[in-house]
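Below: one structure, written as structure tokens.
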Amino acid sequence: MQSKKILVVSSAFYPENSPRSFRTTELVKELARQGHKVTLYTLKNDKLHVPIEKEFGIQIKDLGTRKFPIIDVVKGPKLFSLFKRIVNRILLQLILYPDFEIMFMVKKALKKEKETFDLLISIAVPHPIHWGVVWARTNNKPLATKWVADCGDAFMGAYHDSFNKLFYFKYLEKWFCRKADYIAIPKIMMKENYYPEFHHKIIEIPQGFKFDEVEKKNYSKNEITTFAFAGTFMRTTRNPSHLLDFLVTIEEPFKFIVYTETQDLLLPYKAKLGDKLVIKNYIPRIELLKELSSMDFLVNIAYDPVHQAPSKLIDYYLTGRPILSSLANEFDYEIVAAFLKGDYSQASVFDNIEKFKIENVTQQFLKLIDK
């Protein structure tokens, strides 16, 4: 394909540990590898991002500095922490604080852009990324021939959220959906979470991974059965309690290693399981995958296997280890017991894994230019 000029807008980029960061990072790298001229607008860190510019030939431009701080709801006395949680929730519900600021930053940055690109890809979350793009685009200055708004989840239709969005945000969601040429989602069944009038714009483009970048350890069975989970817990939809309640009853030795920043749901079980439960903070993705490749098996706590396509499952696949996957409250204890004994006959099976290769994912985006 002839070299194209591509503009990517995302507030999540390397070294952030998040699916949206991985989406942006892998996408711009591969587009550059294929010889396209890539410009990325993000929250630029010169020390970390200039080497990437030089290595891949990407132009990284700064969206600016965020002025509104994230409210730390953990530190401080319990009553003060509770007060901060309440304030944080109210501001989040009313004005999407602090992410609403991104809309203004994107609009301001893109208004200065002189070039017209063949393809514009905006990557959410947060969704104000898209709102800023639609605000910056005009008939006289469309920025690009085609605009793809890439979404991990819907905004108004994100039904797994604890609180419903206030009604007036629907006008912002409909605004960008109306103006975008395409809305990319990781799994086509998720389109039911969007307003029906935009379903004809929705296409499936899954998360992309560079398969040959993953470094694995030479696996040999651990002396004590060792398994792991990596990711975020949610009290309502990705709660580990059902699994941990069963593990408490297991007398045989094992080691369950959990990499997470949401440790509060684990702490009551730490006292019961002792050294059997190892709680760790996140580590960089490549380092994490190398560690996971040494486990006997990996645990996935799903919250909607039909409509969600968590990137964690593909990362797990790349480690080469068997995967025990279940909805949070539906772990089959007989299957868990079998995994603990080394019987992985019920491990998750992947179909069409090739579609997740970043080389194939970028081609799906590029084909939209001439549609």
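Ordering of the structure tokens sets the chain letters (A, B, ...), residue numbers begin anew at 1 in every chain, and ligands are numbered from 1 in the order given.
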- Report as an NGL selection string: the residues of region 30-62 of chain A with a DSSP assignment of strand (DSSP E), based on the backbone of this structure. :A and (37-42 or 59-62)
How would the residues just picked look written out with N, CA and C atoms as a compact mmCIF listing (two decimals), in the first residue's frame?
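That gives us result24.txt:
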# COMPACT_ATOMS: atom_id res chain seq x y z
N LYS A 37 3.34 7.58 7.44
CA LYS A 37 3.74 8.77 8.20
C LYS A 37 2.74 8.96 9.33
N VAL A 38 3.19 8.73 10.57
CA VAL A 38 2.29 8.71 11.72
C VAL A 38 2.56 9.90 12.63
N THR A 39 1.49 10.61 12.95
CA THR A 39 1.54 11.69 13.93
C THR A 39 0.63 11.31 15.09
N LEU A 40 1.16 11.36 16.30
CA LEU A 40 0.40 11.01 17.49
C LEU A 40 0.28 12.21 18.41
N TYR A 41 -0.95 12.54 18.78
CA TYR A 41 -1.19 13.52 19.83
C TYR A 41 -1.49 12.77 21.13
N THR A 42 -0.69 13.04 22.16
CA THR A 42 -0.90 12.39 23.44
C THR A 42 -0.32 13.27 24.53
N GLN A 59 6.01 11.01 14.75
CA GLN A 59 6.01 12.36 15.30
C GLN A 59 4.99 12.41 16.44
N ILE A 60 5.49 12.64 17.65
CA ILE A 60 4.62 12.70 18.82
C ILE A 60 4.47 14.14 19.26
N LYS A 61 3.22 14.60 19.30
CA LYS A 61 2.93 15.98 19.69
C LYS A 61 2.16 15.98 21.02
N ASP A 62 2.36 17.03 21.78
CA ASP A 62 1.81 17.10 23.14
C ASP A 62 0.41 17.68 23.15
- Message: Env of region 316-326 of chain A: 9 Å cut, atoms = only C-alpha atoms, seq-sep filter 3 positions within chain, self excluded. Answer as a PyMOL selection string.
- Response: chain A and resi 211+214-217+219+289-303+305+311-313+329-332+335-336+339+344+346-350
- Determine which residues of region 14-75 of chain A DSSP labels as alpha helix (DSSP H) from the backbone of this structure, then write them out as JSON, numbers by chain. {"A": [19, 20, 21, 22, 23, 24, 25, 26, 27, 28, 29, 30, 31, 32, 33, 46, 47, 48, 49, 50, 51, 52, 53, 54, 55, 56]}
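The neighbours of Tyr269 (chain A) here are the residues that come within 8 Å of it, using only C-alpha atoms and leaving out any residue fewer than 4 positions away in the same chain; they are Leu244, Val248, Leu273 and Leu277 of chain A.
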Generate the output file for the selected residues, C-alpha atoms, as a compact mmCIF listing (two decimals), in the first residue's frame.
# COMPACT_ATOMS: atom_id res chain seq x y z
CA LEU A 244 -11.26 -17.32 46.88
CA VAL A 248 -9.79 -21.27 51.38
CA LEU A 273 -4.75 -18.02 52.95
CA LEU A 277 -2.08 -15.77 48.32
- Message: Quick one: residues within 9 Å of Tyr259 (chain A), only C-alpha atoms, excluding same-chain residues fewer than 5 positions away - as a ChimeraX atom specification?
- Response: /A:228-232,278-283,288
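Of the residues listed (A:Asn218, A:Cys151, A:Leu143, A:Tyr168), A:Cys151 shows the shortest atom-to-atom separation from Lys191 (chain A); distances use only C-alpha atoms.
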- Query: Arg66 (chain A): which residues within 10 Å, counting only C-alpha atoms, same-chain residues fewer than 2 positions away excluded, as an MDAnalysis selection string?
  - Reply: chainID A and resid 43 63:64 68:70 98:99 101:102 105
Using N, CA and C atoms, can you export the residues from the last selection as a PDB file, in the first residue's frame?
ATOM      1  N   LEU A  43      -0.320  12.786  25.764  1.00  0.00           N
ATOM      2  CA  LEU A  43       0.302  13.514  26.874  1.00  0.00           C
ATOM      3  C   LEU A  43       1.791  13.185  26.829  1.00  0.00           C
ATOM      4  N   LEU A  63      -0.493  16.996  23.831  1.00  0.00           N
ATOM      5  CA  LEU A  63      -1.838  17.531  24.033  1.00  0.00           C
ATOM      6  C   LEU A  63      -1.854  18.644  25.066  1.00  0.00           C
ATOM      7  N   GLY A  64      -0.797  18.725  25.870  1.00  0.00           N
ATOM      8  CA  GLY A  64      -0.734  19.734  26.914  1.00  0.00           C
ATOM      9  C   GLY A  64      -0.682  19.105  28.297  1.00  0.00           C
ATOM     10  N   PHE A  68      -6.363  19.677  36.132  1.00  0.00           N
ATOM     11  CA  PHE A  68      -7.281  19.223  37.178  1.00  0.00           C
ATOM     12  C   PHE A  68      -6.785  17.892  37.746  1.00  0.00           C
ATOM     13  N   PRO A  69      -6.455  17.858  39.025  1.00  0.00           N
ATOM     14  CA  PRO A  69      -5.861  16.656  39.613  1.00  0.00           C
ATOM     15  C   PRO A  69      -6.891  15.553  39.860  1.00  0.00           C
ATOM     16  N   ILE A  70      -6.397  14.325  39.862  1.00  0.00           N
ATOM     17  CA  ILE A  70      -7.228  13.188  40.279  1.00  0.00           C
ATOM     18  C   ILE A  70      -7.380  13.237  41.797  1.00  0.00           C
ATOM     19  N   PRO A  98     -12.129  13.962  36.351  1.00  0.00           N
ATOM     20  CA  PRO A  98     -11.413  15.076  35.717  1.00  0.00           C
ATOM     21  C   PRO A  98     -11.268  14.938  34.196  1.00  0.00           C
ATOM     22  N   ASP A  99     -11.868  13.909  33.603  1.00  0.00           N
ATOM     23  CA  ASP A  99     -11.608  13.613  32.196  1.00  0.00           C
ATOM     24  C   ASP A  99     -12.225  14.605  31.218  1.00  0.00           C
ATOM     25  N   GLU A 101     -11.708  17.566  30.986  1.00  0.00           N
ATOM     26  CA  GLU A 101     -10.672  18.509  30.567  1.00  0.00           C
ATOM     27  C   GLU A 101     -10.029  18.083  29.251  1.00  0.00           C
ATOM     28  N   ILE A 102      -9.964  16.768  29.012  1.00  0.00           N
ATOM     29  CA  ILE A 102      -9.330  16.241  27.804  1.00  0.00           C
ATOM     30  C   ILE A 102     -10.000  16.786  26.543  1.00  0.00           C
ATOM     31  N   MET A 105      -8.492  20.082  25.755  1.00  0.00           N
ATOM     32  CA  MET A 105      -7.095  19.937  25.363  1.00  0.00           C
ATOM     33  C   MET A 105      -6.972  19.433  23.927  1.00  0.00           C
TER      34      MET A 105
END
- Message: Between A:Ser345, A:Leu91, A:Gly208, A:Asn352, which residue has the minimum interatomic distance to Gln364 (chain A), considering only C-alpha atoms?
- Response: A:Gly208
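Coordinates place CA of Ala144 (chain A) at a distance of 12.2 Å from CA of Val9 (chain A).
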- Message: as an MDAnalysis selection string, please: the residues near region 263-266 of chain A (cut-off 8 Å, only C-alpha atoms, same-chain neighbours under 3 positions excluded).
- Response: chainID A and resid 233 235 239:241 260 269:270 279
Could you write out that same residue set with N, CA, C and O atoms as a PDB file, in the first residue's frame?
ATOM      1  N   PHE A 233      -9.969  -5.632  39.713  1.00  0.00           N
ATOM      2  CA  PHE A 233     -11.177  -6.235  40.261  1.00  0.00           C
ATOM      3  C   PHE A 233     -12.286  -5.194  40.337  1.00  0.00           C
ATOM      4  O   PHE A 233     -12.021  -4.001  40.477  1.00  0.00           O
ATOM      5  N   ARG A 235     -16.134  -4.739  42.336  1.00  0.00           N
ATOM      6  CA  ARG A 235     -16.955  -5.330  43.395  1.00  0.00           C
ATOM      7  C   ARG A 235     -18.204  -6.010  42.848  1.00  0.00           C
ATOM      8  O   ARG A 235     -18.652  -7.031  43.382  1.00  0.00           O
ATOM      9  N   ASN A 239     -15.502  -9.774  40.707  1.00  0.00           N
ATOM     10  CA  ASN A 239     -15.199  -9.946  42.123  1.00  0.00           C
ATOM     11  C   ASN A 239     -14.577 -11.330  42.330  1.00  0.00           C
ATOM     12  O   ASN A 239     -15.176 -12.344  41.932  1.00  0.00           O
ATOM     13  N   PRO A 240     -13.407 -11.424  42.965  1.00  0.00           N
ATOM     14  CA  PRO A 240     -12.734 -12.726  43.115  1.00  0.00           C
ATOM     15  C   PRO A 240     -13.250 -13.559  44.281  1.00  0.00           C
ATOM     16  O   PRO A 240     -12.757 -14.669  44.520  1.00  0.00           O
ATOM     17  N   SER A 241     -14.235 -13.062  45.029  1.00  0.00           N
ATOM     18  CA  SER A 241     -14.638 -13.706  46.273  1.00  0.00           C
ATOM     19  C   SER A 241     -15.101 -15.145  46.077  1.00  0.00           C
ATOM     20  O   SER A 241     -14.790 -16.032  46.879  1.00  0.00           O
ATOM     21  N   THR A 260      -2.342  -6.648  40.826  1.00  0.00           N
ATOM     22  CA  THR A 260      -3.481  -5.733  40.750  1.00  0.00           C
ATOM     23  C   THR A 260      -3.224  -4.474  41.555  1.00  0.00           C
ATOM     24  O   THR A 260      -2.389  -4.466  42.470  1.00  0.00           O
ATOM     25  N   TYR A 269      -8.997 -12.117  52.523  1.00  0.00           N
ATOM     26  CA  TYR A 269      -8.585 -13.496  52.264  1.00  0.00           C
ATOM     27  C   TYR A 269      -7.105 -13.725  52.533  1.00  0.00           C
ATOM     28  O   TYR A 269      -6.676 -14.868  52.681  1.00  0.00           O
ATOM     29  N   LYS A 270      -6.342 -12.665  52.576  1.00  0.00           N
ATOM     30  CA  LYS A 270      -4.908 -12.809  52.852  1.00  0.00           C
ATOM     31  C   LYS A 270      -4.688 -13.425  54.222  1.00  0.00           C
ATOM     32  O   LYS A 270      -3.822 -14.295  54.396  1.00  0.00           O
ATOM     33  N   ILE A 279       0.061 -11.075  46.848  1.00  0.00           N
ATOM     34  CA  ILE A 279      -0.504  -9.879  46.221  1.00  0.00           C
ATOM     35  C   ILE A 279       0.626  -8.963  45.765  1.00  0.00           C
ATOM     36  O   ILE A 279       1.490  -8.590  46.569  1.00  0.00           O
TER      37      ILE A 279
END
